[in-house]
>>> print(open('protein-v9.cif').read())   # mmCIF, C-alpha atoms
data_input
#
loop_
_atom_site.label_atom_id
_atom_site.label_comp_id
_atom_site.auth_asym_id
_atom_site.auth_seq_id
_atom_site.Cartn_x
_atom_site.Cartn_y
_atom_site.Cartn_z
CA MET P 1 17.99 72.44 -91.00
CA LYS P 2 16.66 73.89 -87.73
CA VAL P 3 14.92 71.40 -85.44
CA ALA P 4 13.00 72.26 -82.27
CA GLY P 5 12.04 69.80 -79.55
CA ILE P 6 9.07 69.83 -77.19
CA ALA P 7 8.49 67.55 -74.20
CA ALA P 8 4.76 67.06 -73.77
CA GLU P 9 1.87 64.88 -72.70
CA TYR P 10 -0.81 66.26 -75.05
CA ASN P 11 -3.40 64.95 -72.61
CA PRO P 12 -5.15 66.08 -74.74
CA PHE P 13 -3.73 68.43 -77.40
CA HIS P 14 -5.27 71.93 -77.30
CA LEU P 15 -4.83 75.44 -78.71
CA GLY P 16 -2.09 76.31 -76.22
CA HIS P 17 -0.01 73.44 -77.61
CA GLN P 18 -0.72 74.55 -81.16
CA LYS P 19 0.38 78.10 -80.30
CA GLN P 20 3.72 76.77 -79.05
CA ILE P 21 4.31 74.89 -82.31
CA GLU P 22 3.31 77.92 -84.39
CA TYR P 23 5.70 80.11 -82.38
CA LEU P 24 8.58 77.76 -83.11
CA LYS P 25 7.81 77.57 -86.81
CA ASN P 26 6.75 81.16 -87.48
CA GLU P 27 8.85 83.17 -85.02
CA LEU P 28 11.93 81.03 -84.50
CA LYS P 29 11.86 79.60 -88.04
CA ALA P 30 12.15 75.96 -87.03
CA ASP P 31 11.93 73.64 -90.03
CA TYR P 32 10.73 70.67 -87.99
CA ILE P 33 9.19 69.98 -84.59
CA VAL P 34 10.04 66.82 -82.63
CA ALA P 35 7.68 66.00 -79.75
CA ALA P 36 8.96 63.76 -76.96
CA MET P 37 5.56 62.60 -75.70
CA SER P 38 4.38 60.57 -72.72
CA GLY P 39 2.99 57.18 -73.61
CA ASP P 40 -0.05 55.60 -71.95
CA PHE P 41 0.61 56.92 -68.42
CA VAL P 42 1.38 60.49 -67.40
CA GLN P 43 3.26 62.53 -64.82
CA ARG P 44 0.39 63.23 -62.43
CA GLY P 45 0.23 59.51 -61.76
CA THR P 46 -2.72 58.43 -63.91
CA PRO P 47 -3.41 56.74 -67.23
CA ALA P 48 -3.50 59.16 -70.14
CA LEU P 49 -7.06 60.09 -70.96
CA LEU P 50 -6.63 58.91 -74.56
CA PRO P 51 -4.43 56.18 -76.06
CA LYS P 52 -0.96 57.35 -77.12
CA HIS P 53 -1.47 56.60 -80.82
CA LEU P 54 -4.56 58.80 -80.89
CA ARG P 55 -2.69 61.59 -79.08
CA THR P 56 0.13 61.15 -81.59
CA GLU P 57 -2.34 61.72 -84.41
CA MET P 58 -3.59 64.86 -82.64
CA ALA P 59 -0.03 66.16 -82.27
CA LEU P 60 0.77 65.61 -85.95
CA MET P 61 -2.47 67.31 -86.99
CA GLY P 62 -1.54 70.17 -84.66
CA GLY P 63 1.79 70.80 -86.36
CA ALA P 64 4.36 68.37 -84.92
CA ASP P 65 6.46 66.55 -87.52
CA LEU P 66 7.73 63.61 -85.46
CA VAL P 67 6.46 62.08 -82.20
CA LEU P 68 8.74 59.94 -80.03
CA GLU P 69 7.62 58.03 -76.94
CA LEU P 70 9.05 58.80 -73.52
CA PRO P 71 9.65 55.65 -71.43
CA VAL P 72 6.93 55.14 -68.82
CA SER P 73 9.33 55.48 -65.88
CA VAL P 74 10.20 58.95 -67.22
CA SER P 75 6.68 60.02 -68.19
CA THR P 76 5.34 59.12 -64.73
CA GLY P 77 8.31 60.53 -62.81
CA SER P 78 8.85 63.74 -60.89
CA ALA P 79 9.62 66.98 -62.75
CA GLU P 80 13.32 66.18 -62.38
CA PHE P 81 13.06 62.70 -63.88
CA PHE P 82 10.64 63.83 -66.60
CA ALA P 83 13.01 66.61 -67.69
CA LYS P 84 16.14 64.46 -67.52
CA GLY P 85 14.49 61.78 -69.63
CA ALA P 86 13.12 64.20 -72.21
CA VAL P 87 16.50 65.92 -72.61
CA SER P 88 18.25 62.55 -72.82
CA LEU P 89 15.90 61.40 -75.60
CA LEU P 90 16.12 64.63 -77.63
CA GLU P 91 19.88 64.85 -77.19
CA GLY P 92 20.23 61.18 -78.09
CA ILE P 93 18.73 61.52 -81.58
CA GLY P 94 21.42 64.09 -82.42
CA ALA P 95 19.37 66.48 -84.56
CA VAL P 96 17.58 68.83 -82.13
CA ASP P 97 18.76 72.44 -81.84
CA LEU P 98 16.17 73.98 -79.49
CA LEU P 99 14.07 72.82 -76.54
CA CYS P 100 10.98 74.97 -76.02
CA PHE P 101 8.89 75.04 -72.85
CA GLY P 102 6.04 77.24 -71.69
CA SER P 103 6.45 79.31 -68.54
CA GLU P 104 4.85 82.08 -66.50
CA GLU P 105 8.03 84.13 -66.93
CA GLY P 106 8.47 84.27 -70.68
CA GLU P 107 12.15 85.11 -70.14
CA LEU P 108 15.02 82.65 -70.02
CA SER P 109 17.47 84.45 -67.68
CA PRO P 110 15.83 83.42 -64.34
CA PHE P 111 15.88 79.78 -65.43
CA GLU P 112 19.54 79.94 -66.43
CA THR P 113 20.56 81.63 -63.17
CA ALA P 114 18.62 79.21 -60.97
CA SER P 115 19.62 76.09 -62.91
CA ALA P 116 23.31 77.03 -62.59
CA ILE P 117 22.95 77.07 -58.78
CA LEU P 118 21.11 73.74 -58.74
CA THR P 119 23.73 72.15 -60.96
CA GLU P 120 26.83 73.54 -59.23
CA GLU P 121 25.43 73.46 -55.65
CA PRO P 122 27.69 76.18 -54.16
CA PRO P 123 28.54 76.03 -50.41
CA ALA P 124 25.83 78.56 -49.48
CA TYR P 125 23.23 76.39 -51.20
CA GLN P 126 24.44 73.20 -49.52
CA ALA P 127 24.45 74.84 -46.08
CA VAL P 128 20.81 75.97 -46.27
CA LEU P 129 19.75 72.65 -47.80
CA LYS P 130 21.31 70.65 -44.95
CA GLU P 131 19.83 72.97 -42.32
CA GLN P 132 16.33 72.69 -43.77
CA LEU P 133 16.56 68.89 -44.01
CA LYS P 134 17.66 68.74 -40.36
CA ARG P 135 14.56 70.71 -39.43
CA GLY P 136 12.39 68.05 -41.06
CA ALA P 137 11.56 69.78 -44.35
CA SER P 138 10.90 67.56 -47.37
CA PHE P 139 13.65 67.57 -49.98
CA PRO P 140 11.68 69.68 -52.51
CA ALA P 141 10.84 72.25 -49.80
CA ALA P 142 14.42 72.29 -48.52
CA ARG P 143 15.77 72.71 -52.03
CA GLN P 144 13.42 75.61 -52.68
CA GLN P 145 14.55 77.34 -49.47
CA ALA P 146 18.20 76.84 -50.39
CA LEU P 147 17.69 78.09 -53.91
CA THR P 148 15.76 81.13 -52.67
CA ALA P 149 18.53 81.99 -50.22
CA CYS P 150 21.14 81.84 -52.97
CA LEU P 151 19.08 83.78 -55.51
CA CYS P 152 18.12 86.69 -53.25
CA GLY P 153 20.36 89.55 -54.23
CA VAL P 154 21.86 87.77 -57.24
CA SER P 155 22.01 89.96 -60.34
CA GLY P 156 19.25 89.04 -62.77
CA ALA P 157 17.24 87.10 -60.19
CA PRO P 158 13.62 88.08 -59.38
CA ALA P 159 12.73 90.06 -56.25
CA PRO P 160 11.79 87.88 -53.21
CA GLU P 161 8.01 87.89 -53.78
CA ALA P 162 8.44 87.35 -57.52
CA LEU P 163 10.94 84.63 -56.71
CA ARG P 164 8.39 82.83 -54.55
CA ARG P 165 5.90 82.90 -57.43
CA PHE P 166 8.60 81.81 -59.85
CA LEU P 167 9.41 78.72 -57.79
CA SER P 168 5.79 77.77 -57.08
CA SER P 169 4.52 77.48 -60.66
CA PRO P 170 4.42 73.91 -62.06
CA ASN P 171 5.45 75.13 -65.52
CA ASN P 172 8.36 77.15 -64.12
CA ILE P 173 9.48 74.22 -61.98
CA LEU P 174 9.50 71.95 -65.02
CA GLY P 175 11.27 74.61 -67.11
CA LEU P 176 13.91 74.92 -64.42
CA GLU P 177 14.43 71.16 -64.53
CA TYR P 178 14.83 71.27 -68.33
CA CYS P 179 17.56 73.89 -68.04
CA LYS P 180 19.22 71.95 -65.23
CA ALA P 181 19.11 68.72 -67.25
CA LEU P 182 20.63 70.46 -70.28
CA ARG P 183 23.51 71.67 -68.11
CA GLU P 184 24.06 68.33 -66.40
CA GLN P 185 24.10 66.44 -69.68
CA ASN P 186 26.35 69.04 -71.33
CA SER P 187 23.80 69.25 -74.12
CA SER P 188 24.24 71.39 -77.22
CA ILE P 189 20.45 71.95 -77.30
CA GLN P 190 19.50 75.55 -76.49
CA PRO P 191 16.52 76.22 -74.18
CA VAL P 192 13.76 78.58 -75.29
CA THR P 193 10.75 79.64 -73.24
CA LEU P 194 7.38 80.90 -74.39
CA LEU P 195 5.11 82.97 -72.14
CA ARG P 196 1.95 81.08 -71.20
CA ASP P 197 -0.92 83.54 -71.53
CA GLY P 198 -3.80 81.08 -71.22
CA SER P 199 -5.45 79.44 -68.23
CA ASP P 200 -3.38 78.40 -65.22
CA TYR P 201 -1.92 74.90 -65.17
CA HIS P 202 -4.40 73.67 -62.53
CA GLU P 203 -7.41 75.64 -63.79
CA GLY P 204 -10.31 73.19 -63.85
CA ARG P 205 -12.74 75.32 -65.86
CA LEU P 206 -12.73 76.66 -69.38
CA GLN P 207 -12.27 80.43 -69.55
CA LYS P 208 -13.78 82.12 -72.58
CA GLY P 209 -11.23 83.78 -74.83
CA ARG P 210 -8.24 82.06 -73.18
CA ALA P 211 -6.27 79.01 -74.18
CA PRO P 212 -7.43 76.17 -71.89
CA SER P 213 -5.54 74.06 -69.43
CA ALA P 214 -5.47 70.34 -70.20
CA SER P 215 -7.12 69.84 -66.79
CA ALA P 216 -10.13 71.90 -67.87
CA VAL P 217 -10.46 70.02 -71.17
CA ARG P 218 -10.32 66.69 -69.35
CA ALA P 219 -12.96 67.84 -66.87
CA VAL P 220 -15.37 68.82 -69.65
CA PHE P 221 -14.64 65.57 -71.49
CA LYS P 222 -15.28 63.38 -68.43
CA GLU P 223 -18.54 65.15 -67.64
CA ALA P 224 -19.82 64.76 -71.19
CA ALA P 225 -18.56 61.19 -71.63
CA GLY P 226 -20.05 60.15 -68.29
CA GLY P 227 -23.58 60.85 -69.48
CA ASP P 228 -25.56 59.56 -72.45
CA PRO P 229 -23.00 58.25 -75.03
CA GLY P 230 -25.27 59.34 -77.86
CA LYS P 231 -25.19 62.93 -76.65
CA ALA P 232 -21.51 63.06 -75.68
CA SER P 233 -20.10 63.80 -79.12
CA PRO P 234 -22.28 66.82 -80.05
CA LEU P 235 -21.99 68.15 -76.49
CA LEU P 236 -18.21 68.07 -76.64
CA ARG P 237 -18.12 69.70 -80.06
CA GLU P 238 -20.24 72.53 -78.73
CA SER P 239 -18.29 72.92 -75.47
CA LEU P 240 -14.74 72.60 -76.81
CA ALA P 241 -14.93 74.01 -80.34
CA GLU P 242 -13.16 77.27 -79.49
CA TYR P 243 -10.49 75.62 -77.33
CA LEU P 244 -9.24 72.83 -79.61
CA PRO P 245 -8.12 72.61 -83.23
CA ASP P 246 -11.05 71.39 -85.35
CA ALA P 247 -9.45 68.05 -86.22
CA VAL P 248 -8.55 67.39 -82.58
CA CYS P 249 -12.06 68.29 -81.43
CA ALA P 250 -13.49 65.78 -83.89
CA LEU P 251 -11.16 63.01 -82.65
CA LEU P 252 -11.95 63.80 -79.02
CA SER P 253 -15.69 63.76 -79.67
CA HIS P 254 -15.40 60.43 -81.47
CA SER P 255 -13.45 58.99 -78.50
CA ALA P 256 -16.24 59.96 -76.12
CA ALA P 257 -18.89 58.41 -78.34
CA GLU P 258 -16.86 55.19 -78.67
CA ASN P 259 -15.97 55.01 -74.95
CA SER P 260 -12.32 55.08 -76.03
CA PHE P 261 -10.74 56.70 -72.98
CA LEU P 262 -9.50 55.77 -69.53
CA THR P 263 -9.32 57.44 -66.12
CA GLU P 264 -7.72 56.34 -62.87
CA GLU P 265 -11.10 54.92 -61.76
CA ASP P 266 -10.81 52.30 -64.51
CA PHE P 267 -7.83 50.89 -62.56
CA ASP P 268 -9.53 50.77 -59.14
CA LEU P 269 -9.73 46.99 -58.89
CA LEU P 270 -6.28 46.35 -60.38
CA LEU P 271 -4.66 48.75 -57.93
CA HIS P 272 -6.49 47.18 -55.00
CA TYR P 273 -5.29 43.70 -56.01
CA CYS P 274 -1.74 45.01 -56.35
CA LEU P 275 -1.74 46.64 -52.91
CA LEU P 276 -3.23 43.55 -51.29
CA SER P 277 -0.57 41.30 -52.81
CA MET P 278 2.54 43.37 -51.99
CA PRO P 279 4.29 43.37 -48.59
CA PRO P 280 5.65 46.77 -47.42
CA GLU P 281 9.27 45.79 -48.07
CA GLU P 282 8.43 45.06 -51.70
CA MET P 283 6.52 48.35 -52.03
CA CYS P 284 9.62 50.26 -50.94
CA CYS P 285 11.46 48.96 -54.01
CA CYS P 286 9.17 50.96 -56.29
CA LEU P 287 9.90 54.51 -57.42
CA ASP P 288 8.72 57.28 -55.04
CA VAL P 289 7.53 54.84 -52.35
CA SER P 290 9.09 55.54 -48.94
CA PRO P 291 8.94 53.13 -45.96
CA ASP P 292 6.57 55.58 -44.25
CA LEU P 293 4.19 55.60 -47.22
CA ALA P 294 4.33 51.80 -47.53
CA ALA P 295 3.38 51.48 -43.86
CA ARG P 296 0.50 53.93 -44.22
CA ILE P 297 -0.79 52.03 -47.25
CA LYS P 298 -0.90 48.77 -45.30
CA ASN P 299 -2.41 50.40 -42.22
CA THR P 300 -5.25 52.03 -44.18
CA LEU P 301 -5.84 49.37 -46.85
CA ASN P 302 -9.11 48.25 -45.27
CA GLN P 303 -10.50 51.68 -46.12
CA TYR P 304 -9.67 51.37 -49.84
CA ARG P 305 -12.59 52.32 -52.08
CA GLY P 306 -10.83 53.39 -55.26
CA PHE P 307 -7.70 54.97 -56.79
CA SER P 308 -8.66 58.63 -56.22
CA GLN P 309 -10.30 58.04 -52.84
CA PHE P 310 -7.27 56.18 -51.52
CA THR P 311 -4.90 58.88 -52.80
CA SER P 312 -6.87 61.48 -50.82
CA LEU P 313 -6.81 59.25 -47.75
CA LEU P 314 -3.01 58.91 -47.89
CA LYS P 315 -2.26 62.57 -48.56
CA THR P 316 -0.50 64.50 -45.81
CA ARG P 317 0.63 68.09 -45.39
CA GLU P 318 4.19 67.08 -46.26
CA VAL P 319 3.38 64.93 -49.31
CA THR P 320 1.32 66.23 -52.22
CA TYR P 321 -1.67 64.51 -53.79
CA THR P 322 0.21 64.12 -57.07
CA ARG P 323 3.21 62.52 -55.35
CA ILE P 324 0.93 59.97 -53.67
CA GLN P 325 -0.85 59.27 -56.95
CA ARG P 326 2.47 58.75 -58.74
CA SER P 327 3.60 56.38 -56.00
CA LEU P 328 0.44 54.28 -56.30
CA LEU P 329 0.81 54.14 -60.07
CA HIS P 330 4.43 53.00 -59.72
CA LEU P 331 3.23 50.23 -57.41
CA LEU P 332 0.57 49.20 -59.91
CA LEU P 333 3.03 49.18 -62.82
CA LYS P 334 5.93 47.85 -60.70
CA ILE P 335 8.25 50.67 -61.76
CA ARG P 336 11.43 50.57 -59.69
CA GLU P 337 13.66 53.21 -61.26
CA ALA P 338 13.69 55.87 -63.96
CA ALA P 339 15.13 54.88 -67.33
CA PHE P 340 18.15 57.15 -67.58
CA PRO P 341 19.79 57.62 -69.94
CA VAL P 342 16.95 56.88 -72.33
CA PRO P 343 18.32 53.97 -74.37
CA TYR P 344 16.31 54.29 -77.59
CA ALA P 345 13.89 56.42 -79.60
CA ARG P 346 10.62 54.68 -80.38
CA VAL P 347 8.76 56.49 -83.20
CA LEU P 348 5.01 56.73 -82.57
CA GLY P 349 4.24 58.80 -85.65
CA PHE P 350 5.54 61.23 -88.25
CA LYS P 351 4.51 63.30 -91.23
CA LYS P 352 5.49 61.94 -94.62
CA ALA P 353 6.84 65.41 -95.43
CA ALA P 354 9.37 64.99 -92.58
CA ALA P 355 11.49 62.52 -94.58
CA PRO P 356 14.56 64.86 -94.54
CA LEU P 357 14.33 65.06 -90.74
CA LEU P 358 14.18 61.27 -90.40
CA LYS P 359 17.18 60.94 -92.71
CA GLU P 360 19.12 63.43 -90.59
CA ILE P 361 18.24 61.59 -87.38
CA ASN P 362 19.19 58.21 -88.82
CA SER P 363 22.63 59.54 -89.72
CA ARG P 364 23.29 61.41 -86.46
CA SER P 365 21.46 59.53 -83.71
CA GLN P 366 23.54 58.13 -80.86
CA ILE P 367 20.75 55.75 -79.79
CA PRO P 368 18.73 53.18 -81.78
CA VAL P 369 15.71 54.66 -83.57
CA PHE P 370 12.87 52.38 -84.70
CA THR P 371 9.19 52.25 -85.58
CA LYS P 372 8.66 48.50 -85.07
CA LEU P 373 9.19 47.06 -81.60
CA SER P 374 10.49 43.80 -83.08
CA ARG P 375 13.21 45.85 -84.77
CA GLY P 376 14.04 47.40 -81.42
CA GLU P 377 14.73 43.98 -79.90
CA LEU P 378 17.43 43.40 -82.51
CA LEU P 379 19.11 46.77 -81.94
CA LEU P 380 19.10 47.06 -78.16
CA ASP P 381 21.48 45.91 -75.46
CA GLN P 382 20.24 44.24 -72.25
CA TYR P 383 19.44 47.54 -70.56
CA GLY P 384 17.51 48.78 -73.59
CA LYS P 385 15.59 45.52 -73.84
CA LYS P 386 14.62 45.78 -70.17
CA VAL P 387 13.22 49.29 -70.70
CA LEU P 388 11.40 48.18 -73.86
CA GLU P 389 9.92 45.20 -72.04
CA GLU P 390 8.67 47.42 -69.21
CA ASN P 391 7.02 49.81 -71.67
CA THR P 392 5.45 47.00 -73.65
CA PHE P 393 3.93 45.55 -70.47
CA VAL P 394 2.36 48.82 -69.30
CA SER P 395 1.03 49.59 -72.79
CA ASN P 396 -0.55 46.14 -72.97
CA LEU P 397 -2.07 46.71 -69.54
CA TYR P 398 -3.59 50.00 -70.72
CA GLU P 399 -4.88 48.27 -73.85
CA ALA P 400 -6.35 45.38 -71.83
CA VAL P 401 -8.36 47.75 -69.63
CA LEU P 402 -9.44 49.82 -72.64
CA CYS P 403 -10.57 46.90 -74.80
CA LYS P 404 -12.52 45.47 -71.84
CA LYS P 405 -14.25 48.82 -71.43
CA GLN P 406 -15.06 48.96 -75.15
CA ASP P 407 -15.91 45.25 -75.42
CA ARG P 408 -13.56 44.70 -78.35
CA PRO P 409 -10.62 42.38 -79.12
CA PHE P 410 -7.23 43.03 -77.52
CA ILE P 411 -4.47 44.41 -79.78
CA HIS P 412 -0.91 43.66 -78.63
CA GLU P 413 1.55 46.58 -78.56
CA TYR P 414 3.69 44.88 -81.21
CA GLN P 415 0.75 44.90 -83.63
CA LYS P 416 0.05 48.63 -83.47
CA PRO P 417 1.29 50.50 -86.56
CA VAL P 418 3.15 53.80 -86.57
CA ILE P 419 0.92 56.83 -87.30
CA MET P 420 1.65 58.56 -90.62
CA ILE P 421 -0.15 61.56 -92.07
#
>>> encode(input="protein-v9.cif", output="structure tokens")
Amino acid sequence: MKVAGIAAEYNPFHLGHQKQIEYLKNELKADYIVAAMSGDFVQRGTPALLPKHLRTEMALMGGADLVLELPVSVSTGSAEFFAKGAVSLLEGIGAVDLLCFGSEEGELSPFETASAILTEEPPAYQAVLKEQLKRGASFPAARQQALTACLCGVSGAPAPEALRRFLSSPNNILGLEYCKALREQNSSIQPVTLLRDGSDYHEGRLQKGRAPSASAVRAVFKEAAGGDPGKASPLLRESLAEYLPDAVCALLSHSAAENSFLTEEDFDLLLHYCLLSMPPEEMCCCLDVSPDLAARIKNTLNQYRGFSQFTSLLKTREVTYTRIQRSLLHLLLKIREAAFPVPYARVLGFKKAAAPLLKEINSRSQIPVFTKLSRGELLLDQYGKKVLEENTFVSNLYEAVLCKKQDRPFIHEYQKPVIMI
């Protein structure tokens, strides 16, 4: 049995994601695909556009065989935390052979060379890192300078200009963190990279004939869903038909018609309440929140108008928009640290045909695996219960905002069934 793992958000699932799954099954002959997927909140510091159970259904329809939930502190973390958590989860279930990620390189050697330096931190790397930090560079910028200095002239490393491009691509950065995490955790899982030949990661528009970015799909969705609800569904079908699998396009169109989606603006009032109620010293206890950022939040709070507006207001040249957004989300959700190692595998959905995979996982997993949260409570230690409790809270918060928006009854996280197709 050959099992491939993918760490993903599927926010939402599109043809680029389907291509990756088809590559693993058709070219690398994987028997099963395990997706370690973000839950209700994602890495750029926002709620997922669609509920996680709907995105699970999309992933299964798109070719995944099993979908596991990444803890929220991992799914909303930096590239480093996201990768460490995903590797920890896939390694923990004991049945994954490959970890596949998309990249602008399409070749694994640069990732292996760079990740070895980041893991081993040779003296030359440490010297440049310390020097850059002394000069006031942020840690990510200092690390990039140190890595560049070590890689220049190394056999198999890209030329300087190519190296700069290599280290500036979000997909390459995440791929590098996957390889680093695999090394640090002494994992038996082998990394595999697939060349991304579609739209750029940040591309906000659909480009005819090219696989879309998730950002572009979300932009089209929000524009259509923000108008007449009666016209949203047919408009989306027409706009996205060539960029999404048919079944996914139908689910997405239905979500727009039913108002079954959330954006950061839906959390404007909740975030404002949270920021008003927290003193700076308490803010600093949350993940990614520095004393400087906490002070700036308090000093500019009178200018708060909404989640996105306030993120823009707080952004500086040294700190990215996404980092600020993640910090605000961690304040809202009261996330203090990343869950590492990941203490359990919560099954969101699976294909009935994947029974042999589930049997293999149940016999080899080093962490508890469950479909029912009540079952998880019985299997977990105190640390695992704490992580489960945190995830249950944030999922219930997402559900509370969503059901208010849809004017329907609240459904507790414990009552939501696993998705089977």
>>> residues_around(input="protein-v9.cif", residues="segment 105-120 of chain P", least_positions_apart="5", cutoff="8 Å", atoms="only C-alpha atoms", output="list in words")
Tyr125, Leu147, Cys150, Leu151, Gly156, Ala157, Pro158, Phe166, Asn172, Gly175, Leu176, Glu177, Cys179, Lys180, Arg183, Glu184, Pro191, Val192, Thr193, Leu194, Leu195 and Arg196 of chain P
>>> write_last_selection(input="protein-v9.cif", atoms="C-alpha atoms", output="compact mmCIF listing (two decimals), in the coordinates of the input")
# COMPACT_ATOMS: atom_id res chain seq x y z
CA TYR P 125 23.23 76.39 -51.20
CA LEU P 147 17.69 78.09 -53.91
CA CYS P 150 21.14 81.84 -52.97
CA LEU P 151 19.08 83.78 -55.51
CA GLY P 156 19.25 89.04 -62.77
CA ALA P 157 17.24 87.10 -60.19
CA PRO P 158 13.62 88.08 -59.38
CA PHE P 166 8.60 81.81 -59.85
CA ASN P 172 8.36 77.15 -64.12
CA GLY P 175 11.27 74.61 -67.11
CA LEU P 176 13.91 74.92 -64.42
CA GLU P 177 14.43 71.16 -64.53
CA CYS P 179 17.56 73.89 -68.04
CA LYS P 180 19.22 71.95 -65.23
CA ARG P 183 23.51 71.67 -68.11
CA GLU P 184 24.06 68.33 -66.40
CA PRO P 191 16.52 76.22 -74.18
CA VAL P 192 13.76 78.58 -75.29
CA THR P 193 10.75 79.64 -73.24
CA LEU P 194 7.38 80.90 -74.39
CA LEU P 195 5.11 82.97 -72.14
CA ARG P 196 1.95 81.08 -71.20
>>> residues_around(input="protein-v9.cif", residues="Thr311 of chain P", least_positions_apart="4", cutoff="7 Å", atoms="only C-alpha atoms", output="list in words")
Phe307, Lys315, Tyr321, Ile324 and Gln325 of chain P
>>> resolve_selection(input="protein-v9.cif", expression="the PyMOL selection byres ((chain P and resi 211-218) around 12)", output="JSON, numbers by chain")
{"P": [8, 9, 10, 11, 12, 13, 14, 15, 16, 17, 18, 19, 20, 44, 48, 49, 50, 171, 196, 197, 198, 199, 200, 201, 202, 203, 204, 205, 206, 207, 208, 209, 210, 219, 220, 221, 222, 223, 224, 225, 226, 236, 237, 239, 240, 241, 242, 243, 244, 245, 248, 249, 252, 253, 256, 261, 262, 263]}
>>> residues_around(input="protein-v9.cif", residues="Leu331 of chain P", least_positions_apart="4", cutoff="8 Å", atoms="only C-alpha atoms", output="ChimeraX atom specification")
/P:274-275,283,286-287,327,335
>>> atom_distance(input="protein-v9.cif", atom1="atom CA of Val342 of chain P", atom2="atom CA of Glu91 of chain P")
9.8 Å
>>> resolve_selection(input="protein-v9.cif", expression="the PyMOL selection byres ((chain P and resi 295) around 12)", output="list in words")
Leu275, Met278, Pro279, Pro280, Glu281, Glu282, Met283, Cys284, Val289, Ser290, Pro291, Asp292, Leu293, Ala294, Arg296, Ile297, Lys298, Asn299, Thr300, Leu301 and Leu314 of chain P
>>> write_last_selection(input="protein-v9.cif", atoms="C-alpha atoms", output="mmCIF file, in the coordinates of the input")
data_model
loop_
_atom_site.group_PDB
_atom_site.id
_atom_site.type_symbol
_atom_site.label_atom_id
_atom_site.label_comp_id
_atom_site.auth_asym_id
_atom_site.auth_seq_id
_atom_site.Cartn_x
_atom_site.Cartn_y
_atom_site.Cartn_z
ATOM 1 C CA LEU P 275 -1.740 46.640 -52.910
ATOM 2 C CA MET P 278 2.540 43.370 -51.990
ATOM 3 C CA PRO P 279 4.290 43.370 -48.590
ATOM 4 C CA PRO P 280 5.650 46.770 -47.420
ATOM 5 C CA GLU P 281 9.270 45.790 -48.070
ATOM 6 C CA GLU P 282 8.430 45.060 -51.700
ATOM 7 C CA MET P 283 6.520 48.350 -52.030
ATOM 8 C CA CYS P 284 9.620 50.260 -50.940
ATOM 9 C CA VAL P 289 7.530 54.840 -52.350
ATOM 10 C CA SER P 290 9.090 55.540 -48.940
ATOM 11 C CA PRO P 291 8.940 53.130 -45.960
ATOM 12 C CA ASP P 292 6.570 55.580 -44.250
ATOM 13 C CA LEU P 293 4.190 55.600 -47.220
ATOM 14 C CA ALA P 294 4.330 51.800 -47.530
ATOM 15 C CA ARG P 296 0.500 53.930 -44.220
ATOM 16 C CA ILE P 297 -0.790 52.030 -47.250
ATOM 17 C CA LYS P 298 -0.900 48.770 -45.300
ATOM 18 C CA ASN P 299 -2.410 50.400 -42.220
ATOM 19 C CA THR P 300 -5.250 52.030 -44.180
ATOM 20 C CA LEU P 301 -5.840 49.370 -46.850
ATOM 21 C CA LEU P 314 -3.010 58.910 -47.890
#
>>> closest_residue(input="protein-v9.cif", among="P:Val319, P:Leu357, P:Cys285, P:Leu270", to="Leu332 of chain P", atoms="only C-alpha atoms")
P:Leu270
